[in-house]
>>> print(open('target-v3.txt').read())   # compact mmCIF, C-alpha atoms
# COMPACT_ATOMS: atom_id res chain seq x y z
CA MET A 313 33.64 188.61 203.63
CA ILE A 314 36.09 189.98 206.21
CA TYR A 315 37.99 191.91 203.56
CA LYS A 316 34.76 193.35 202.11
CA GLY A 317 33.63 194.32 205.60
CA MET A 318 36.94 196.03 206.25
CA VAL A 319 36.75 197.98 202.99
CA ILE A 320 33.13 198.99 203.56
CA GLY A 321 33.95 199.95 207.16
CA VAL A 322 36.89 202.12 206.11
CA ILE A 323 34.88 203.82 203.37
CA SER A 324 31.83 204.38 205.58
CA GLY A 325 33.96 205.54 208.50
CA THR A 326 35.82 207.94 206.22
CA VAL A 327 32.52 209.34 204.90
CA LEU A 328 31.36 209.88 208.49
CA GLY A 329 34.64 211.50 209.50
CA LEU A 330 34.79 213.82 206.51
CA VAL A 331 31.17 214.89 206.89
CA LEU A 332 31.60 215.63 210.61
CA LYS A 333 34.87 217.46 209.97
CA TRP A 334 33.16 219.58 207.31
CA LEU A 335 30.20 220.27 209.59
CA GLU A 336 32.52 221.22 212.45
CA GLN A 337 34.33 223.72 210.25
CA LEU A 338 31.11 225.06 208.72
CA MET A 339 28.95 225.24 211.85
CA SER A 340 31.56 225.53 214.63
CA LYS A 341 30.10 222.52 216.43
CA LYS A 342 32.86 220.21 217.65
CA VAL A 343 31.26 217.00 216.37
CA TYR A 344 34.40 215.83 214.56
CA THR A 345 36.43 216.49 217.70
CA LEU A 346 33.89 214.39 219.62
CA LEU A 347 34.11 211.58 217.05
CA LEU A 348 37.88 211.30 217.44
CA ASN A 349 38.06 212.04 221.15
CA VAL A 350 39.74 209.38 223.30
CA ASP A 351 40.99 211.60 226.14
CA PHE A 352 38.73 209.93 228.73
CA ILE A 353 39.96 206.38 228.02
CA PRO A 354 42.48 205.15 230.61
CA ILE A 355 46.08 204.86 229.41
CA ILE A 356 45.54 205.88 225.76
CA GLY A 357 43.69 209.03 226.82
CA ASP A 358 46.81 210.32 228.54
CA ILE A 359 48.71 210.49 225.25
CA LYS A 360 48.40 213.49 222.90
CA TRP A 361 47.71 211.60 219.67
CA PRO A 362 47.96 213.22 216.26
CA GLU A 363 44.65 213.60 214.44
CA TRP A 364 45.41 210.80 211.98
CA VAL A 365 45.95 208.28 214.81
CA GLU A 366 42.67 209.30 216.45
CA PHE A 367 41.03 208.87 213.04
CA VAL A 368 42.49 205.36 212.82
CA PHE A 369 40.94 204.59 216.25
CA HIS A 370 37.60 205.71 214.81
CA LEU A 371 38.12 203.57 211.70
CA VAL A 372 38.77 200.48 213.83
CA ILE A 373 35.23 200.76 215.20
CA ALA A 374 33.86 201.40 211.68
CA VAL A 375 35.69 198.32 210.38
CA ILE A 376 34.22 196.15 213.14
CA ILE A 377 30.73 197.35 212.22
CA GLY A 378 31.50 196.78 208.53
CA ILE A 379 32.65 193.21 209.17
CA VAL A 380 29.56 192.42 211.25
CA PHE A 381 27.37 193.92 208.55
CA MET A 382 28.99 191.88 205.79
CA TRP A 383 28.85 188.75 207.96
CA ILE A 384 25.09 189.24 208.31
CA GLN A 385 24.75 189.76 204.57
CA ASN A 386 26.81 186.63 203.87
CA ARG A 387 25.04 184.51 206.50
CA PHE A 388 21.54 185.55 205.47
CA ARG A 389 21.88 185.77 201.69
CA HIS A 390 18.12 185.67 201.22
CA LEU A 391 17.65 189.11 202.82
CA SER A 392 16.45 191.81 200.48
CA SER A 393 18.28 195.04 199.86
CA GLY A 394 15.67 196.82 201.98
CA SER A 395 16.27 194.41 204.85
CA MET A 396 20.00 195.07 204.61
CA LEU A 397 19.29 198.81 204.81
CA VAL A 398 17.34 198.23 208.02
CA ILE A 399 20.22 196.14 209.39
CA ALA A 400 22.71 198.91 208.51
CA PHE A 401 20.58 201.34 210.51
CA LEU A 402 20.19 198.91 213.41
CA LEU A 403 23.96 198.38 213.61
CA THR A 404 24.52 202.13 213.49
CA LEU A 405 21.71 203.08 215.86
CA PRO A 406 23.69 202.53 219.10
CA THR A 407 26.30 205.06 217.96
CA ILE A 408 23.77 207.90 217.91
CA PRO A 409 22.96 208.07 221.65
CA LEU A 410 26.69 207.65 222.36
CA TYR A 411 26.79 211.40 221.76
CA PHE A 412 25.62 211.94 225.34
CA PRO A 413 28.08 209.81 227.35
CA LEU A 414 30.97 210.71 225.03
CA THR A 415 30.22 214.40 225.52
CA ALA A 416 29.84 213.98 229.28
CA LEU A 417 33.12 212.04 229.57
CA ALA A 418 35.19 214.28 227.30
CA ILE A 419 37.97 216.29 228.87
CA LYS A 420 38.77 218.45 225.84
CA ALA A 421 36.26 220.88 224.36
CA THR A 422 33.38 219.08 222.66
CA PRO A 423 29.79 220.17 222.10
CA ARG A 424 27.67 220.74 225.17
CA ILE A 425 25.59 217.73 226.13
CA ASP A 426 22.39 219.73 225.54
CA ASP A 427 23.49 221.18 222.17
CA MET A 428 20.71 219.80 219.96
CA GLY A 429 22.25 221.32 216.84
CA ALA A 430 25.44 219.32 217.43
CA PHE A 431 23.37 216.24 218.24
CA PHE A 432 21.49 216.70 214.95
CA TYR A 433 24.80 216.86 213.00
CA TRP A 434 26.10 213.83 214.91
CA THR A 435 22.93 211.93 214.04
CA ALA A 436 22.96 213.00 210.38
CA GLY A 437 26.58 211.90 210.05
CA HIS A 438 25.80 208.50 211.50
CA ILE A 439 22.79 208.10 209.22
CA LEU A 440 25.17 208.73 206.31
CA PHE A 441 27.45 206.07 207.80
CA ALA A 442 24.57 203.56 207.72
CA LEU A 443 23.70 204.53 204.15
CA SER A 444 27.36 204.13 203.16
CA LEU A 445 27.41 200.63 204.65
CA TRP A 446 24.31 199.70 202.71
CA ILE A 447 25.46 201.21 199.42
CA GLY A 448 28.86 199.56 199.80
CA SER A 449 27.34 196.16 200.44
CA PHE A 450 24.95 196.59 197.52
CA ILE A 451 27.89 197.33 195.21
CA TYR A 452 29.83 194.34 196.54
CA LYS A 453 26.78 192.08 196.29
CA SER A 454 26.39 192.89 192.60
CA ARG A 455 29.96 191.74 191.86
>>> encode(input="target-v3.txt", output="C-alpha cells")
Amino acid sequence: MIYKGMVIGVISGTVLGLVLKWLEQLMSKKVYTLLLNVDFIPIIGDIKWPEWVEFVFHLVIAVIIGIVFMWIQNRFRHLSSGSMLVIAFLLTLPTIPLYFPLTALAIKATPRIDDMGAFFYWTAGHILFALSLWIGSFIYKSR
C-alpha cells in the first residue's frame, strides 16, 4: 500500500508538474514557478535550489497525498470507483485555494494573486492531479 501510494503520488505529481510547466511556457503564467516555489519557507527558502530539487520537494507532498489515498482505498475496500474519485478530489481540493497564500508569500515572481487566468490553470492542473490519483489507483486495484 505504501509503495503503491508512493508510485501513484510520483506519477500524479509529475503529471501536475509537467502540465503546469507546459502551461507556464505556453501562456506565460508562472504557475509552474509557483508550484515549485519554496523561497518563503524559513531556512530552506534562503537556498537557491536547482529546479530538480524544488520538483522533488513538490513530489514529497504528492507522495504523501498518494499514500493517504491508497491507505483509504486499502482500508475501505468496499468503496466504489466513483467514491474513490470523489476521495481523490477531496484530498486534492485543499491544494487549489493554496494558490492565494502561496502567491502572497512568494518572494520571486509568481502570478498576481488576482490573476484568474493563472488560478484557472492552477486549478485545472490540480484537477488532473486528482484524476491521475484515481486512474492510478484503479489500475493498481485491477492487479
>>> residues_near_point(input="target-v3.txt", point="(31.4, 197.7, 204.9)", cutoff="8 Å", atoms="all atoms listed in the file", output="list in words")
Lys316, Gly317, Met318, Val319, Ile320, Gly321, Val322, Ile323, Ser324, Val375, Ile377, Gly378, Ile379, Phe381, Met382, Ser444, Leu445, Trp446, Gly448 and Ser449 of chain A
>>> write_last_selection(input="target-v3.txt", atoms="C-alpha atoms", output="compact mmCIF listing (two decimals), in the coordinates of the input")
# COMPACT_ATOMS: atom_id res chain seq x y z
CA LYS A 316 34.76 193.35 202.11
CA GLY A 317 33.63 194.32 205.60
CA MET A 318 36.94 196.03 206.25
CA VAL A 319 36.75 197.98 202.99
CA ILE A 320 33.13 198.99 203.56
CA GLY A 321 33.95 199.95 207.16
CA VAL A 322 36.89 202.12 206.11
CA ILE A 323 34.88 203.82 203.37
CA SER A 324 31.83 204.38 205.58
CA VAL A 375 35.69 198.32 210.38
CA ILE A 377 30.73 197.35 212.22
CA GLY A 378 31.50 196.78 208.53
CA ILE A 379 32.65 193.21 209.17
CA PHE A 381 27.37 193.92 208.55
CA MET A 382 28.99 191.88 205.79
CA SER A 444 27.36 204.13 203.16
CA LEU A 445 27.41 200.63 204.65
CA TRP A 446 24.31 199.70 202.71
CA GLY A 448 28.86 199.56 199.80
CA SER A 449 27.34 196.16 200.44
>>> closest_residue(input="target-v3.txt", among="A:Thr407, A:Gly429, A:Leu417, A:Leu443", to="Glu336 (chain A)", atoms="all atoms listed in the file")
A:Gly429
>>> atom_distance(input="target-v3.txt", atom1="CA of Pro413 (chain A)", atom2="CA of Gly357 (chain A)")
15.6 Å
>>> closest_residue(input="target-v3.txt", among="A:Val368, A:Ile419, A:Val380, A:Leu440", to="Phe352 (chain A)", atoms="all atoms listed in the file")
A:Ile419
>>> closest_residue(input="target-v3.txt", among="A:Ser392, A:Ser340, A:Asn349, A:Asn386", to="Asp427 (chain A)", atoms="all atoms listed in the file")
A:Ser340
>>> atom_distance(input="target-v3.txt", atom1="CA of Lys341 (chain A)", atom2="CA of Phe401 (chain A)")
24.0 Å
>>> atom_distance(input="target-v3.txt", atom1="CA of Ala418 (chain A)", atom2="CA of Val343 (chain A)")
11.9 Å
>>> closest_residue(input="target-v3.txt", among="A:Ala374, A:Ile314, A:Leu346, A:Ile359", to="Ala400 (chain A)", atoms="only C-alpha atoms")
A:Ala374
>>> residues_around(input="target-v3.txt", residues="Thr415 (chain A)", least_positions_apart="2", cutoff="12 Å", atoms="all atoms listed in the file", output="CSV table (one decimal) with C-alpha atoms, in the coordinates of the input")
chain,number,residue,atom,x,y,z
A,342,LYS,CA,32.9,220.2,217.6
A,343,VAL,CA,31.3,217.0,216.4
A,344,TYR,CA,34.4,215.8,214.6
A,345,THR,CA,36.4,216.5,217.7
A,346,LEU,CA,33.9,214.4,219.6
A,347,LEU,CA,34.1,211.6,217.0
A,348,LEU,CA,37.9,211.3,217.4
A,349,ASN,CA,38.1,212.0,221.2
A,350,VAL,CA,39.7,209.4,223.3
A,351,ASP,CA,41.0,211.6,226.1
A,352,PHE,CA,38.7,209.9,228.7
A,408,ILE,CA,23.8,207.9,217.9
A,409,PRO,CA,23.0,208.1,221.6
A,410,LEU,CA,26.7,207.6,222.4
A,411,TYR,CA,26.8,211.4,221.8
A,412,PHE,CA,25.6,211.9,225.3
A,413,PRO,CA,28.1,209.8,227.4
A,417,LEU,CA,33.1,212.0,229.6
A,418,ALA,CA,35.2,214.3,227.3
A,419,ILE,CA,38.0,216.3,228.9
A,420,LYS,CA,38.8,218.4,225.8
A,421,ALA,CA,36.3,220.9,224.4
A,422,THR,CA,33.4,219.1,222.7
A,423,PRO,CA,29.8,220.2,222.1
A,424,ARG,CA,27.7,220.7,225.2
A,425,ILE,CA,25.6,217.7,226.1
A,426,ASP,CA,22.4,219.7,225.5
A,427,ASP,CA,23.5,221.2,222.2
A,430,ALA,CA,25.4,219.3,217.4
A,431,PHE,CA,23.4,216.2,218.2
A,434,TRP,CA,26.1,213.8,214.9
>>> closest_residue(input="target-v3.txt", among="A:Pro354, A:Gly437, A:Gly325, A:Pro406", to="Phe367 (chain A)", atoms="only C-alpha atoms")
A:Gly325
>>> closest_residue(input="target-v3.txt", among="A:Phe369, A:Phe450, A:Phe441, A:Phe388", to="Thr326 (chain A)", atoms="all atoms listed in the file")
A:Phe441
>>> build_atoms(input="target-v3.txt", residues="region 400-415 of chain A", atoms="N, CA and C atoms", output="mmCIF file, in the coordinates of the input")
data_model
loop_
_atom_site.group_PDB
_atom_site.id
_atom_site.type_symbol
_atom_site.label_atom_id
_atom_site.label_comp_id
_atom_site.auth_asym_id
_atom_site.auth_seq_id
_atom_site.Cartn_x
_atom_site.Cartn_y
_atom_site.Cartn_z
ATOM 1 N N ALA A 400 21.673 197.862 208.435
ATOM 2 C CA ALA A 400 22.710 198.910 208.510
ATOM 3 C C ALA A 400 22.318 199.958 209.537
ATOM 4 N N PHE A 401 21.046 200.350 209.533
ATOM 5 C CA PHE A 401 20.580 201.340 210.510
ATOM 6 C C PHE A 401 20.579 200.769 211.926
ATOM 7 N N LEU A 402 20.196 199.518 212.070
ATOM 8 C CA LEU A 402 20.190 198.910 213.410
ATOM 9 C C LEU A 402 21.594 198.787 213.982
ATOM 10 N N LEU A 403 22.570 198.463 213.135
ATOM 11 C CA LEU A 403 23.960 198.380 213.610
ATOM 12 C C LEU A 403 24.514 199.756 213.961
ATOM 13 N N THR A 404 24.028 200.770 213.272
ATOM 14 C CA THR A 404 24.520 202.130 213.490
ATOM 15 C C THR A 404 23.780 202.821 214.626
ATOM 16 N N LEU A 405 22.559 202.426 214.862
ATOM 17 C CA LEU A 405 21.710 203.080 215.860
ATOM 18 C C LEU A 405 22.374 203.285 217.225
ATOM 19 N N PRO A 406 23.082 202.304 217.781
ATOM 20 C CA PRO A 406 23.690 202.530 219.100
ATOM 21 C C PRO A 406 24.720 203.663 219.127
ATOM 22 N N THR A 407 25.294 203.997 217.970
ATOM 23 C CA THR A 407 26.300 205.060 217.960
ATOM 24 C C THR A 407 25.677 206.441 218.132
ATOM 25 N N ILE A 408 24.404 206.582 217.831
ATOM 26 C CA ILE A 408 23.770 207.900 217.910
ATOM 27 C C ILE A 408 23.635 208.376 219.359
ATOM 28 N N PRO A 409 23.039 207.595 220.262
ATOM 29 C CA PRO A 409 22.960 208.070 221.650
ATOM 30 C C PRO A 409 24.313 208.109 222.366
ATOM 31 N N LEU A 410 25.348 207.532 221.759
ATOM 32 C CA LEU A 410 26.690 207.650 222.360
ATOM 33 C C LEU A 410 27.137 209.107 222.447
ATOM 34 N N TYR A 411 26.497 209.971 221.684
ATOM 35 C CA TYR A 411 26.790 211.400 221.760
ATOM 36 C C TYR A 411 26.786 211.878 223.221
ATOM 37 N N PHE A 412 25.801 211.418 223.986
ATOM 38 C CA PHE A 412 25.620 211.940 225.340
ATOM 39 C C PHE A 412 26.701 211.478 226.317
ATOM 40 N N PRO A 413 26.991 210.183 226.436
ATOM 41 C CA PRO A 413 28.080 209.810 227.350
ATOM 42 C C PRO A 413 29.453 210.267 226.859
ATOM 43 N N LEU A 414 29.672 210.255 225.541
ATOM 44 C CA LEU A 414 30.970 210.710 225.030
ATOM 45 C C LEU A 414 31.182 212.188 225.332
ATOM 46 N N THR A 415 30.130 212.970 225.206
ATOM 47 C CA THR A 415 30.220 214.400 225.520
ATOM 48 C C THR A 415 30.434 214.598 227.023
#
